[in-house]
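Text of upload_31.pdb, listed as PDB, C-alpha atoms and all ligand atoms:
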```pdb
MODEL        1
ATOM      1  CA  MET A   1     -46.732  31.847 -47.930  1.00  0.00           C
ATOM      2  CA  GLY A   2     -46.701  30.557 -44.345  1.00  0.00           C
ATOM      3  CA  THR A   3     -43.682  31.123 -42.137  1.00  0.00           C
ATOM      4  CA  ASP A   4     -44.127  27.520 -40.912  1.00  0.00           C
ATOM      5  CA  ILE A   5     -43.370  26.213 -44.388  1.00  0.00           C
ATOM      6  CA  LEU A   6     -40.234  28.328 -44.615  1.00  0.00           C
ATOM      7  CA  ALA A   7     -39.067  27.325 -41.123  1.00  0.00           C
ATOM      8  CA  GLU A   8     -39.651  23.637 -41.864  1.00  0.00           C
ATOM      9  CA  ASN A   9     -37.753  23.991 -45.138  1.00  0.00           C
ATOM     10  CA  ARG A  10     -34.832  25.605 -43.332  1.00  0.00           C
ATOM     11  CA  ARG A  11     -34.784  22.782 -40.778  1.00  0.00           C
ATOM     12  CA  LEU A  12     -34.786  20.112 -43.526  1.00  0.00           C
ATOM     13  CA  SER A  13     -32.141  21.992 -45.498  1.00  0.00           C
ATOM     14  CA  LYS A  14     -29.805  21.831 -42.507  1.00  0.00           C
ATOM     15  CA  GLU A  15     -30.365  18.059 -42.317  1.00  0.00           C
ATOM     16  CA  ASN A  16     -29.603  17.696 -46.020  1.00  0.00           C
ATOM     17  CA  LEU A  17     -26.385  19.660 -45.611  1.00  0.00           C
ATOM     18  CA  LYS A  18     -25.335  17.567 -42.623  1.00  0.00           C
ATOM     19  CA  ARG A  19     -26.073  14.375 -44.557  1.00  0.00           C
ATOM     20  CA  LEU A  20     -24.084  15.512 -47.608  1.00  0.00           C
ATOM     21  CA  GLN A  21     -21.161  16.670 -45.487  1.00  0.00           C
ATOM     22  CA  SER A  22     -21.122  13.393 -43.554  1.00  0.00           C
ATOM     23  CA  HIS A  23     -20.385  11.698 -46.899  1.00  0.00           C
ATOM     24  CA  GLY A  24     -17.722  14.264 -47.759  1.00  0.00           C
ATOM     25  CA  ILE A  25     -19.805  15.717 -50.590  1.00  0.00           C
ATOM     26  CA  ARG A  26     -19.533  19.345 -51.678  1.00  0.00           C
ATOM     27  CA  SER A  27     -22.756  20.678 -53.154  1.00  0.00           C
ATOM     28  CA  VAL A  28     -24.163  23.591 -55.107  1.00  0.00           C
ATOM     29  CA  ASP A  29     -27.686  24.813 -55.834  1.00  0.00           C
ATOM     30  CA  VAL A  30     -27.705  26.323 -59.332  1.00  0.00           C
ATOM     31  CA  MET A  31     -30.459  28.905 -59.756  1.00  0.00           C
ATOM     32  CA  GLY A  32     -31.305  31.169 -62.687  1.00  0.00           C
ATOM     33  CA  SER A  33     -33.782  31.928 -65.437  1.00  0.00           C
ATOM     34  CA  ILE A  34     -34.806  29.553 -68.193  1.00  0.00           C
ATOM     35  CA  GLY A  35     -32.156  29.894 -70.891  1.00  0.00           C
ATOM     36  CA  SER A  36     -29.447  31.376 -68.661  1.00  0.00           C
ATOM     37  CA  GLY A  37     -27.312  28.286 -69.232  1.00  0.00           C
ATOM     38  CA  LYS A  38     -27.657  26.360 -65.963  1.00  0.00           C
ATOM     39  CA  THR A  39     -27.735  22.916 -67.557  1.00  0.00           C
ATOM     40  CA  ALA A  40     -24.845  23.649 -69.922  1.00  0.00           C
ATOM     41  CA  LEU A  41     -22.815  25.068 -67.038  1.00  0.00           C
ATOM     42  CA  ILE A  42     -23.339  21.942 -64.932  1.00  0.00           C
ATOM     43  CA  GLU A  43     -22.463  19.684 -67.878  1.00  0.00           C
ATOM     44  CA  ARG A  44     -19.260  21.583 -68.503  1.00  0.00           C
ATOM     45  CA  LEU A  45     -18.212  21.772 -64.851  1.00  0.00           C
ATOM     46  CA  ALA A  46     -18.971  18.086 -64.331  1.00  0.00           C
ATOM     47  CA  VAL A  47     -16.649  17.168 -67.200  1.00  0.00           C
ATOM     48  CA  GLN A  48     -13.908  19.352 -65.697  1.00  0.00           C
ATOM     49  CA  LEU A  49     -14.422  17.725 -62.306  1.00  0.00           C
ATOM     50  CA  ARG A  50     -14.144  14.285 -63.883  1.00  0.00           C
ATOM     51  CA  GLU A  51     -10.812  15.300 -65.408  1.00  0.00           C
ATOM     52  CA  LYS A  52      -9.666  16.133 -61.880  1.00  0.00           C
ATOM     53  CA  GLY A  53     -10.847  12.740 -60.623  1.00  0.00           C
ATOM     54  CA  ILE A  54     -13.817  14.240 -58.755  1.00  0.00           C
ATOM     55  CA  ARG A  55     -16.988  12.184 -59.054  1.00  0.00           C
ATOM     56  CA  ALA A  56     -20.116  14.277 -59.576  1.00  0.00           C
ATOM     57  CA  ALA A  57     -23.862  13.738 -59.705  1.00  0.00           C
ATOM     58  CA  ALA A  58     -26.704  16.070 -60.588  1.00  0.00           C
ATOM     59  CA  ILE A  59     -30.291  16.484 -59.495  1.00  0.00           C
ATOM     60  CA  ALA A  60     -32.325  17.935 -62.354  1.00  0.00           C
ATOM     61  CA  GLY A  61     -35.221  20.030 -61.092  1.00  0.00           C
ATOM     62  CA  ASP A  62     -37.971  21.032 -63.486  1.00  0.00           C
ATOM     63  CA  VAL A  63     -41.715  21.581 -63.353  1.00  0.00           C
ATOM     64  CA  THR A  64     -42.221  18.703 -65.769  1.00  0.00           C
ATOM     65  CA  GLY A  65     -40.293  16.454 -68.143  1.00  0.00           C
ATOM     66  CA  GLN A  66     -36.780  15.048 -68.111  1.00  0.00           C
ATOM     67  CA  ASP A  67     -34.947  17.072 -70.743  1.00  0.00           C
ATOM     68  CA  ASP A  68     -32.150  18.214 -68.429  1.00  0.00           C
ATOM     69  CA  TYR A  69     -31.928  14.780 -66.823  1.00  0.00           C
ATOM     70  CA  ASP A  70     -31.397  13.296 -70.311  1.00  0.00           C
ATOM     71  CA  ARG A  71     -28.741  15.910 -71.079  1.00  0.00           C
ATOM     72  CA  PHE A  72     -26.865  15.102 -67.876  1.00  0.00           C
ATOM     73  CA  ARG A  73     -27.022  11.395 -68.640  1.00  0.00           C
ATOM     74  CA  SER A  74     -25.762  11.992 -72.170  1.00  0.00           C
ATOM     75  CA  VAL A  75     -22.515  13.436 -70.785  1.00  0.00           C
ATOM     76  CA  GLY A  76     -22.171  10.481 -68.434  1.00  0.00           C
ATOM     77  CA  LEU A  77     -23.294  12.347 -65.339  1.00  0.00           C
ATOM     78  CA  LEU A  78     -25.081  10.334 -62.675  1.00  0.00           C
ATOM     79  CA  SER A  79     -28.453  12.060 -62.461  1.00  0.00           C
ATOM     80  CA  VAL A  80     -31.781  12.087 -60.654  1.00  0.00           C
ATOM     81  CA  ASN A  81     -34.866  13.771 -62.105  1.00  0.00           C
ATOM     82  CA  VAL A  82     -37.210  15.745 -59.839  1.00  0.00           C
ATOM     83  CA  ASN A  83     -40.449  17.216 -61.153  1.00  0.00           C
ATOM     84  CA  THR A  84     -42.112  19.825 -58.964  1.00  0.00           C
ATOM     85  CA  GLY A  85     -45.541  19.638 -60.632  1.00  0.00           C
ATOM     86  CA  LYS A  86     -46.847  23.168 -60.302  1.00  0.00           C
ATOM     87  CA  GLU A  87     -44.220  24.526 -57.911  1.00  0.00           C
ATOM     88  CA  CYS A  88     -41.721  27.031 -59.306  1.00  0.00           C
ATOM     89  CA  HIS A  89     -38.839  25.932 -57.041  1.00  0.00           C
ATOM     90  CA  LEU A  90     -37.266  22.857 -55.510  1.00  0.00           C
ATOM     91  CA  ASP A  91     -37.450  22.487 -51.729  1.00  0.00           C
ATOM     92  CA  ALA A  92     -35.444  20.678 -49.084  1.00  0.00           C
ATOM     93  CA  HIS A  93     -38.017  17.904 -48.753  1.00  0.00           C
ATOM     94  CA  LEU A  94     -37.818  17.042 -52.467  1.00  0.00           C
ATOM     95  CA  ILE A  95     -34.013  16.996 -52.181  1.00  0.00           C
ATOM     96  CA  GLU A  96     -34.145  14.747 -49.110  1.00  0.00           C
ATOM     97  CA  HIS A  97     -35.972  12.154 -51.239  1.00  0.00           C
ATOM     98  CA  ALA A  98     -33.748  12.659 -54.274  1.00  0.00           C
ATOM     99  CA  LEU A  99     -30.716  11.959 -52.070  1.00  0.00           C
ATOM    100  CA  ASP A 100     -32.226   8.555 -51.255  1.00  0.00           C
ATOM    101  CA  ASP A 101     -31.778   7.691 -54.937  1.00  0.00           C
ATOM    102  CA  ILE A 102     -28.074   8.540 -55.014  1.00  0.00           C
ATOM    103  CA  GLU A 103     -25.295   6.321 -53.733  1.00  0.00           C
ATOM    104  CA  LEU A 104     -23.730   9.057 -51.647  1.00  0.00           C
ATOM    105  CA  ASP A 105     -20.482   7.239 -50.954  1.00  0.00           C
ATOM    106  CA  ALA A 106     -19.894   7.005 -54.719  1.00  0.00           C
ATOM    107  CA  ILE A 107     -19.808  10.765 -55.339  1.00  0.00           C
ATOM    108  CA  ASP A 108     -17.727  13.756 -54.241  1.00  0.00           C
ATOM    109  CA  PHE A 109     -19.738  16.628 -55.666  1.00  0.00           C
ATOM    110  CA  LEU A 110     -23.457  17.273 -56.146  1.00  0.00           C
ATOM    111  CA  PHE A 111     -25.027  19.771 -58.526  1.00  0.00           C
ATOM    112  CA  ILE A 112     -28.673  20.652 -58.049  1.00  0.00           C
ATOM    113  CA  GLU A 113     -30.308  22.481 -60.947  1.00  0.00           C
ATOM    114  CA  ASN A 114     -33.234  24.458 -59.590  1.00  0.00           C
ATOM    115  CA  VAL A 115     -36.408  25.316 -61.515  1.00  0.00           C
ATOM    116  CA  GLY A 116     -35.748  28.103 -64.016  1.00  0.00           C
ATOM    117  CA  ASN A 117     -36.714  31.505 -62.633  1.00  0.00           C
ATOM    118  CA  LEU A 118     -35.226  34.248 -60.471  1.00  0.00           C
ATOM    119  CA  VAL A 119     -38.028  34.526 -57.916  1.00  0.00           C
ATOM    120  CA  CYS A 120     -39.312  31.385 -56.204  1.00  0.00           C
ATOM    121  CA  PRO A 121     -36.064  29.528 -55.358  1.00  0.00           C
ATOM    122  CA  ALA A 122     -34.798  32.446 -53.245  1.00  0.00           C
ATOM    123  CA  ASP A 123     -36.849  31.533 -50.162  1.00  0.00           C
ATOM    124  CA  PHE A 124     -36.060  27.814 -50.240  1.00  0.00           C
ATOM    125  CA  PRO A 125     -32.481  26.818 -49.396  1.00  0.00           C
ATOM    126  CA  LEU A 126     -31.922  23.146 -50.196  1.00  0.00           C
ATOM    127  CA  GLY A 127     -29.008  22.365 -47.918  1.00  0.00           C
ATOM    128  CA  THR A 128     -26.057  22.920 -50.245  1.00  0.00           C
ATOM    129  CA  ASP A 129     -22.642  24.368 -49.399  1.00  0.00           C
ATOM    130  CA  LYS A 130     -23.145  27.087 -51.991  1.00  0.00           C
ATOM    131  CA  ARG A 131     -25.983  28.717 -53.843  1.00  0.00           C
ATOM    132  CA  VAL A 132     -25.130  30.100 -57.273  1.00  0.00           C
ATOM    133  CA  VAL A 133     -27.339  32.350 -59.365  1.00  0.00           C
ATOM    134  CA  VAL A 134     -26.702  32.344 -63.121  1.00  0.00           C
ATOM    135  CA  ILE A 135     -27.771  35.192 -65.363  1.00  0.00           C
ATOM    136  CA  SER A 136     -26.759  35.727 -68.970  1.00  0.00           C
ATOM    137  CA  VAL A 137     -26.006  38.768 -71.106  1.00  0.00           C
ATOM    138  CA  THR A 138     -28.976  37.991 -73.366  1.00  0.00           C
ATOM    139  CA  GLU A 139     -31.371  38.711 -70.479  1.00  0.00           C
ATOM    140  CA  GLY A 140     -30.524  42.416 -70.482  1.00  0.00           C
ATOM    141  CA  ASP A 141     -28.760  44.644 -67.960  1.00  0.00           C
ATOM    142  CA  ASP A 142     -31.613  45.109 -65.482  1.00  0.00           C
ATOM    143  CA  MET A 143     -31.745  41.515 -64.215  1.00  0.00           C
ATOM    144  CA  VAL A 144     -29.949  42.215 -60.961  1.00  0.00           C
ATOM    145  CA  ARG A 145     -31.962  45.250 -59.882  1.00  0.00           C
ATOM    146  CA  LYS A 146     -35.239  43.510 -60.744  1.00  0.00           C
ATOM    147  CA  HIS A 147     -34.482  40.431 -58.632  1.00  0.00           C
ATOM    148  CA  PRO A 148     -32.518  41.571 -55.579  1.00  0.00           C
ATOM    149  CA  MET A 149     -33.735  38.777 -53.288  1.00  0.00           C
ATOM    150  CA  ILE A 150     -32.157  35.920 -55.191  1.00  0.00           C
ATOM    151  CA  PHE A 151     -28.831  37.774 -55.338  1.00  0.00           C
ATOM    152  CA  THR A 152     -28.970  38.527 -51.619  1.00  0.00           C
ATOM    153  CA  GLY A 153     -29.376  34.832 -50.811  1.00  0.00           C
ATOM    154  CA  ALA A 154     -26.825  33.472 -53.276  1.00  0.00           C
ATOM    155  CA  ASP A 155     -23.152  32.985 -52.366  1.00  0.00           C
ATOM    156  CA  ILE A 156     -21.971  33.431 -55.951  1.00  0.00           C
ATOM    157  CA  ALA A 157     -23.490  35.309 -58.902  1.00  0.00           C
ATOM    158  CA  VAL A 158     -22.302  34.604 -62.430  1.00  0.00           C
ATOM    159  CA  LEU A 159     -22.912  36.410 -65.701  1.00  0.00           C
ATOM    160  CA  ASN A 160     -22.845  33.848 -68.511  1.00  0.00           C
ATOM    161  CA  LYS A 161     -22.498  34.079 -72.306  1.00  0.00           C
ATOM    162  CA  ILE A 162     -19.964  36.921 -72.187  1.00  0.00           C
ATOM    163  CA  ASP A 163     -18.666  35.661 -75.552  1.00  0.00           C
ATOM    164  CA  LEU A 164     -21.825  37.237 -77.037  1.00  0.00           C
ATOM    165  CA  LEU A 165     -21.129  40.728 -75.669  1.00  0.00           C
ATOM    166  CA  PRO A 166     -19.725  42.124 -78.954  1.00  0.00           C
ATOM    167  CA  HIS A 167     -23.147  41.484 -80.532  1.00  0.00           C
ATOM    168  CA  LEU A 168     -25.279  43.046 -77.799  1.00  0.00           C
ATOM    169  CA  ASP A 169     -25.970  46.461 -76.306  1.00  0.00           C
ATOM    170  CA  VAL A 170     -25.699  45.278 -72.714  1.00  0.00           C
ATOM    171  CA  ASP A 171     -24.127  47.455 -70.041  1.00  0.00           C
ATOM    172  CA  VAL A 172     -22.067  45.006 -67.979  1.00  0.00           C
ATOM    173  CA  GLU A 173     -20.911  47.811 -65.670  1.00  0.00           C
ATOM    174  CA  ARG A 174     -24.521  48.478 -64.736  1.00  0.00           C
ATOM    175  CA  LEU A 175     -24.995  44.812 -63.803  1.00  0.00           C
ATOM    176  CA  LYS A 176     -21.771  44.859 -61.787  1.00  0.00           C
ATOM    177  CA  GLN A 177     -22.749  48.034 -59.939  1.00  0.00           C
ATOM    178  CA  ASP A 178     -26.270  46.782 -59.209  1.00  0.00           C
ATOM    179  CA  TYR A 179     -24.761  43.615 -57.759  1.00  0.00           C
ATOM    180  CA  LYS A 180     -22.248  45.591 -55.700  1.00  0.00           C
ATOM    181  CA  LYS A 181     -25.144  47.497 -54.109  1.00  0.00           C
ATOM    182  CA  ILE A 182     -26.674  44.195 -52.999  1.00  0.00           C
ATOM    183  CA  ARG A 183     -23.445  42.385 -52.098  1.00  0.00           C
ATOM    184  CA  SER A 184     -20.635  44.794 -51.277  1.00  0.00           C
ATOM    185  CA  ASP A 185     -18.437  41.809 -50.303  1.00  0.00           C
ATOM    186  CA  ALA A 186     -18.603  40.003 -53.676  1.00  0.00           C
ATOM    187  CA  SER A 187     -18.210  40.599 -57.404  1.00  0.00           C
ATOM    188  CA  LEU A 188     -20.279  39.455 -60.333  1.00  0.00           C
ATOM    189  CA  HIS A 189     -18.305  36.598 -61.852  1.00  0.00           C
ATOM    190  CA  LEU A 190     -18.087  36.701 -65.668  1.00  0.00           C
ATOM    191  CA  ILE A 191     -18.106  33.400 -67.547  1.00  0.00           C
ATOM    192  CA  SER A 192     -18.747  31.811 -70.895  1.00  0.00           C
ATOM    193  CA  VAL A 193     -19.812  28.196 -70.773  1.00  0.00           C
ATOM    194  CA  ARG A 194     -19.257  28.100 -74.533  1.00  0.00           C
ATOM    195  CA  THR A 195     -15.608  29.196 -74.497  1.00  0.00           C
ATOM    196  CA  GLY A 196     -14.796  28.013 -70.972  1.00  0.00           C
ATOM    197  CA  GLU A 197     -13.740  31.501 -69.842  1.00  0.00           C
ATOM    198  CA  GLY A 198     -14.044  31.997 -66.085  1.00  0.00           C
ATOM    199  CA  LEU A 199     -14.864  28.366 -65.327  1.00  0.00           C
ATOM    200  CA  PRO A 200     -11.625  27.435 -63.499  1.00  0.00           C
ATOM    201  CA  GLU A 201     -12.137  30.483 -61.245  1.00  0.00           C
ATOM    202  CA  LEU A 202     -15.748  29.459 -60.654  1.00  0.00           C
ATOM    203  CA  LEU A 203     -14.637  25.973 -59.640  1.00  0.00           C
ATOM    204  CA  SER A 204     -12.260  27.454 -57.096  1.00  0.00           C
ATOM    205  CA  LEU A 205     -15.099  29.624 -55.732  1.00  0.00           C
ATOM    206  CA  LEU A 206     -16.983  26.339 -55.327  1.00  0.00           C
ATOM    207  CA  GLY A 207     -14.145  24.990 -53.248  1.00  0.00           C
ATOM    208  CA  VAL A 208     -12.656  22.678 -55.880  1.00  0.00           C
TER
HETATM  209 MG    MG B 301     -31.915  23.603 -67.595  1.00  0.00          MG
ENDMDL
END
```
For this file, write the structure as structure tokens.
Ligand code: MG
Amino acid sequence: MGTDILAENRRLSKENLKRLQSHGIRSVDVMGSIGSGKTALIERLAVQLREKGIRAAAIAGDVTGQDDYDRFRSVGLLSVNVNTGKECHLDAHLIEHALDDIELDAIDFLFIENVGNLVCPADFPLGTDKRVVVISVTEGDDMVRKHPMIFTGADIAVLNKIDLLPHLDVDVERLKQDYKKIRSDASLHLISVRTGEGLPELLSLLGV
């Protein structure tokens, strides 16, 4: 991977952030594996934002298809679909174009769902206020140590599906300690999108 590509992405990401901030929009890049619950988390948070009178939109990033886009639309969330083709991550250039399709003065908060994996998105900031990485208890307790880069670059790390813990042999302490080794200044944030546990705290971490 060329350093030029990464430098150009960083430059564009700063422009995206400036553009979003100039419209008073808070934004979050939601990263995580396929099946970690990114789409469900965004749906749930968007509904909670709406109840607070905060207008949200979502950019659905996937290699192909519009499944997540359709899900966002079905909960009444303004949404833009971005397919990356063969790329395993969104980039700032794709987001620049997606922003052209959103009436920025009509929203207060933007979710961007990145392509599902814990590797590629790490190197490509999109220009959001926050980057969140979502893992879930069903992925096992070695997810943090196996993917340190994405946790280094994320502002917030969440462990989802904690309602399933009674049924699994997952060592949450191990995940917490692995994360502490990477980010001594932060804690792994435990949530359940299904039960709603931890979501109000997550919203406040997102500045809401
Ligand atoms: Mg999804």
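With the cut-off set to 10 Å and only C-alpha atoms and all ligand atoms counted, the residues surrounding ligand MG 301 (chain B) are Val30, Met31, Gly32, Ser33, Ile34, Gly35, Ser36, Gly37, Lys38, Thr39, Ala40, Leu41, Ile42, Ala60, Gly61, Asp62, Gln66, Asp67, Asp68, Tyr69, Arg71, Phe72, Glu113, Asn114, Val115 and Gly116 of chain A.
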Counting all atoms listed in the file, what are the residues of range 105-197 of chain A within 9 Å of range 89-95 of chain A, and for each of them which pair of atoms is the nearest and at what distance in Å, to one decimal? Sort the table by chain and rising number, as a tab-separated table.
```
residue	atom	partner	partner_atom	distance
A:Ile112	CA	A:Ile95	CA	8.7
A:Glu113	CA	A:Leu90	CA	8.8
A:Asn114	CA	A:Leu90	CA	6.0
A:Val115	CA	A:His89	CA	5.1
A:Gly116	CA	A:His89	CA	7.9
A:Asn117	CA	A:His89	CA	8.2
A:Val119	CA	A:His89	CA	8.7
A:Cys120	CA	A:His89	CA	5.5
A:Pro121	CA	A:His89	CA	4.8
A:Ala122	CA	A:His89	CA	8.6
A:Phe124	CA	A:Asp91	CA	5.7
A:Pro125	CA	A:Ala92	CA	6.8
A:Leu126	CA	A:Ala92	CA	4.4
A:Gly127	CA	A:Ala92	CA	6.8
```
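Here CA of Gly76 in chain A and CA of Ala57 in chain A stand 9.5 Å from one another.
From CA of Leu164 in chain A back to CA of Arg73 in chain A, the distance works out to 27.7 Å.
By all atoms listed in the file, and with residues fewer than 3 positions from Glu15 in chain A along its chain excluded, the set lying at most 9 Å from it is Arg10, Arg11, Leu12, Lys18, Arg19, Leu20, Ala92, Glu96 and Gly127 of chain A.
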Given all atoms listed in the file as the counted atoms, nearest of A:Asp178, A:Gly140, A:Glu51, A:Val132 to Ala157 in chain A
A:Val132
Run the PyMOL selection byres (((chain A and resi 195-204) around 9) and not hetatm) against the file shown and list the residues it catches, as number ranges by chain.
A: 41, 44-45, 48-49, 156, 158, 161-163, 189-194, 205-208
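Once Met143 in chain A and its same-chain neighbours fewer than 6 positions away are set aside, Ser33, Leu118, Ile135, Ser136, Val137, Leu175, Asp178 and Tyr179 of chain A remain within 10 Å of it when counting only C-alpha atoms.
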Atomic distance CA of Leu168 in chain A - CA of Asp142 in chain A, expressed in Å with one decimal
14.0 Å
Leaving out Ser27 in chain A and any residue of its chain fewer than 4 positions from it, which residues lie within 9 Å of it when counting all atoms listed in the file, given as a PyMOL selection string?
chain A and resi 17+20-21+108-112+127-131+206
